[in-house]
Amino acid sequence: MGRSVTITTPIPTLEEVGKRLNMSKARQQRLIEIVRGSRNGQLSERRRNVSGSLFESKKSKRAATR
Amino acid sequence: MNIPYDEGFRRLYLAYIVGLTQLGLEPRATLGIPGGERRLDRILALIQSCRYSIHDLSRVQLDRNPPRTPRFNMPFELGLTVGWAKLNPGQHSWFVFEARARRVQKSLSDLDGSDPNIHDGTVEGVMREICNAFVRSRAARPSVPEMMRTYRGISRKLDEITAAAGARSVYEARIFDDLCFAAKAAISQA
């Protein structure tokens with residue numbers, strides 16, 4: 001039994017977690033809205049020590065190109 | 001996560017998901033594995049695919065449903081894990097979590113000489129012991145109060161997350177995935 005272990009693996013981003021769980025963007029969006037409240041279709045994320053890391057849903061990309 | 005799937009464990013189940021996610025780990029449980037294979041094969045595959053495992057042995061009492069029996073699943077899966085880790089040195093680290101100090105010495109004396117992590121049956125205790133077991137560099141290390149804030153936020157949304165999935169129980173595979181993602185979303189927002 002380990003007493004403690006030091007973790008050095010990188011912390012996954014929200015997008016990576018969604019992919020790993022094989023979740024559709026729509027399902028991710030729905031959960032984000034529940035947890036954070038609606039954000040106009042844009043999924044935003046801040047990584048530690050990285051400012052303004054964003055990824056957009058298809059919905060917001062479509063809106064931006066219109 | 002080798003934990004009991006019962007309603008009395010809901011709070012600690014959510015605590016494990018939130019705490020491990022906040023430490024940058026990706027929780028896995030037999031719940032999250034697609035069905036179809038024999039359950040034991042799924043469990044073995046899950047153990048082999050994980051670098052770390054937590055075995056919560058706090059549910060040692062008899063269950064309420066007749067015929068009343070203790071739950072052997074958690075210690076059985078711990079045994080499988082210990083065997084796997086012994087046969088594959090350096091590939092897997094396992095941890096035993098318990099609610100009460102010194103109870104494992106009685107319920108599973110084969111583990112004598114090993115110190116379980118005692119969470120006192122509380123959410124805060126689970127967060128504290130997760131932090132004791134898994135250490136990150138200072139810059140990436142969350143505090144227990146930070147983890148508790150995330151836990152409370154997700155706990156408030158638990159019914160909504162369950163309803164959105166059309167699930168009856170938090171122990172369904174889909175809800176497990178949803179909770180892992182929701183926890184990550186809440187943490188990323190903070």
# chains A, B, ... in the order shown; residues from 1 in each chain; ligands from 1

call {"tool": "residues_around", "arguments": {"residues": "Arg3 of chain A", "least_positions_apart": "3", "cutoff": "10 Å", "atoms": "only C-alpha atoms", "output": "list of chain:residue names"}}
result
B:Ser93, B:Trp94, B:Phe95, B:Val96, B:Ser114, B:Asp115, B:Pro116, B:Asn117, B:Asn132, B:Ala133, B:Phe134

call {"tool": "interface_residues", "arguments": {"of": "chain A", "to": "chain B", "cutoff": "9 Å", "atoms": "only C-alpha atoms", "output": "number ranges by chain"}}
result
A: 1-14, 17-18, 21, 23, 27-28, 30-32, 34-36, 44-48

call {"tool": "residues_around", "arguments": {"residues": "Gly125 of chain B", "least_positions_apart": "4", "cutoff": "12 Å", "atoms": "only C-alpha atoms", "output": "ChimeraX atom specification"}}
result
/B:11-12,15-16,19,97-100,117-121,129-132,144-145,147-148

call {"tool": "write_last_selection", "arguments": {"atoms": "C-alpha atoms", "output": "PDB file, in the first residue's frame"}}
result
ATOM      1  CA  ARG B  11     -21.831  12.028  -0.485  1.00  0.00           C
ATOM      2  CA  LEU B  12     -18.505  10.259  -0.298  1.00  0.00           C
ATOM      3  CA  ALA B  15     -16.363  13.626  -2.774  1.00  0.00           C
ATOM      4  CA  TYR B  16     -14.036  11.083  -4.392  1.00  0.00           C
ATOM      5  CA  GLY B  19     -11.361  15.455  -5.012  1.00  0.00           C
ATOM      6  CA  PHE B  97      -9.426   4.217   2.758  1.00  0.00           C
ATOM      7  CA  GLU B  98     -11.513   3.563   5.854  1.00  0.00           C
ATOM      8  CA  ALA B  99     -13.922   5.548   7.995  1.00  0.00           C
ATOM      9  CA  ARG B 100     -12.663   4.303  11.350  1.00  0.00           C
ATOM     10  CA  ASN B 117      -6.176   6.514   5.135  1.00  0.00           C
ATOM     11  CA  ILE B 118      -8.915   7.296   7.655  1.00  0.00           C
ATOM     12  CA  HIS B 119     -11.577   9.673   6.310  1.00  0.00           C
ATOM     13  CA  ASP B 120     -13.938   9.533   9.307  1.00  0.00           C
ATOM     14  CA  GLY B 121     -16.882   8.977   6.978  1.00  0.00           C
ATOM     15  CA  GLU B 129      -6.929  11.867   2.770  1.00  0.00           C
ATOM     16  CA  ILE B 130      -6.890  12.189  -1.018  1.00  0.00           C
ATOM     17  CA  CYS B 131      -4.506  15.122  -0.551  1.00  0.00           C
ATOM     18  CA  ASN B 132      -2.387  13.021   1.798  1.00  0.00           C
ATOM     19  CA  VAL B 144      -9.047  21.102   1.092  1.00  0.00           C
ATOM     20  CA  PRO B 145     -11.251  24.263   1.368  1.00  0.00           C
ATOM     21  CA  MET B 147     -12.021  21.121  -2.909  1.00  0.00           C
ATOM     22  CA  MET B 148     -14.913  21.576  -0.495  1.00  0.00           C
TER      23      MET B 148
END

call {"tool": "atom_distance", "arguments": {"atom1": "atom CA of Lys86 of chain B", "atom2": "atom CA of Arg39 of chain B"}}
result
22.4 Å

call {"tool": "select_by_dssp", "arguments": {"residues": "chain B", "states": "strand (DSSP E)", "output": "MDAnalysis selection string"}}
result
chainID B and resid 52:56 93:98 117:118 134:135

call {"tool": "select_by_dssp", "arguments": {"residues": "segment 18-188 of chain B", "states": "alpha helix (DSSP H)", "output": "PyMOL selection string"}}
result
chain B and resi 18-22+39-49+73-87+103-107+123-133+144-164+173-188

call {"tool": "closest_residue", "arguments": {"among": "B:Glu7, B:Val18, B:Ser155, B:Arg138", "to": "Val126 of chain B", "atoms": "only C-alpha atoms"}}
result
B:Val18

call {"tool": "closest_residue", "arguments": {"among": "B:Pro70, B:Gly83, B:Pro27, B:Gly166", "to": "Cys50 of chain B", "atoms": "only C-alpha atoms"}}
result
B:Pro27

call {"tool": "atom_distance", "arguments": {"atom1": "atom CA of Met74 of chain B", "atom2": "atom CA of Val104 of chain B"}}
result
12.5 Å
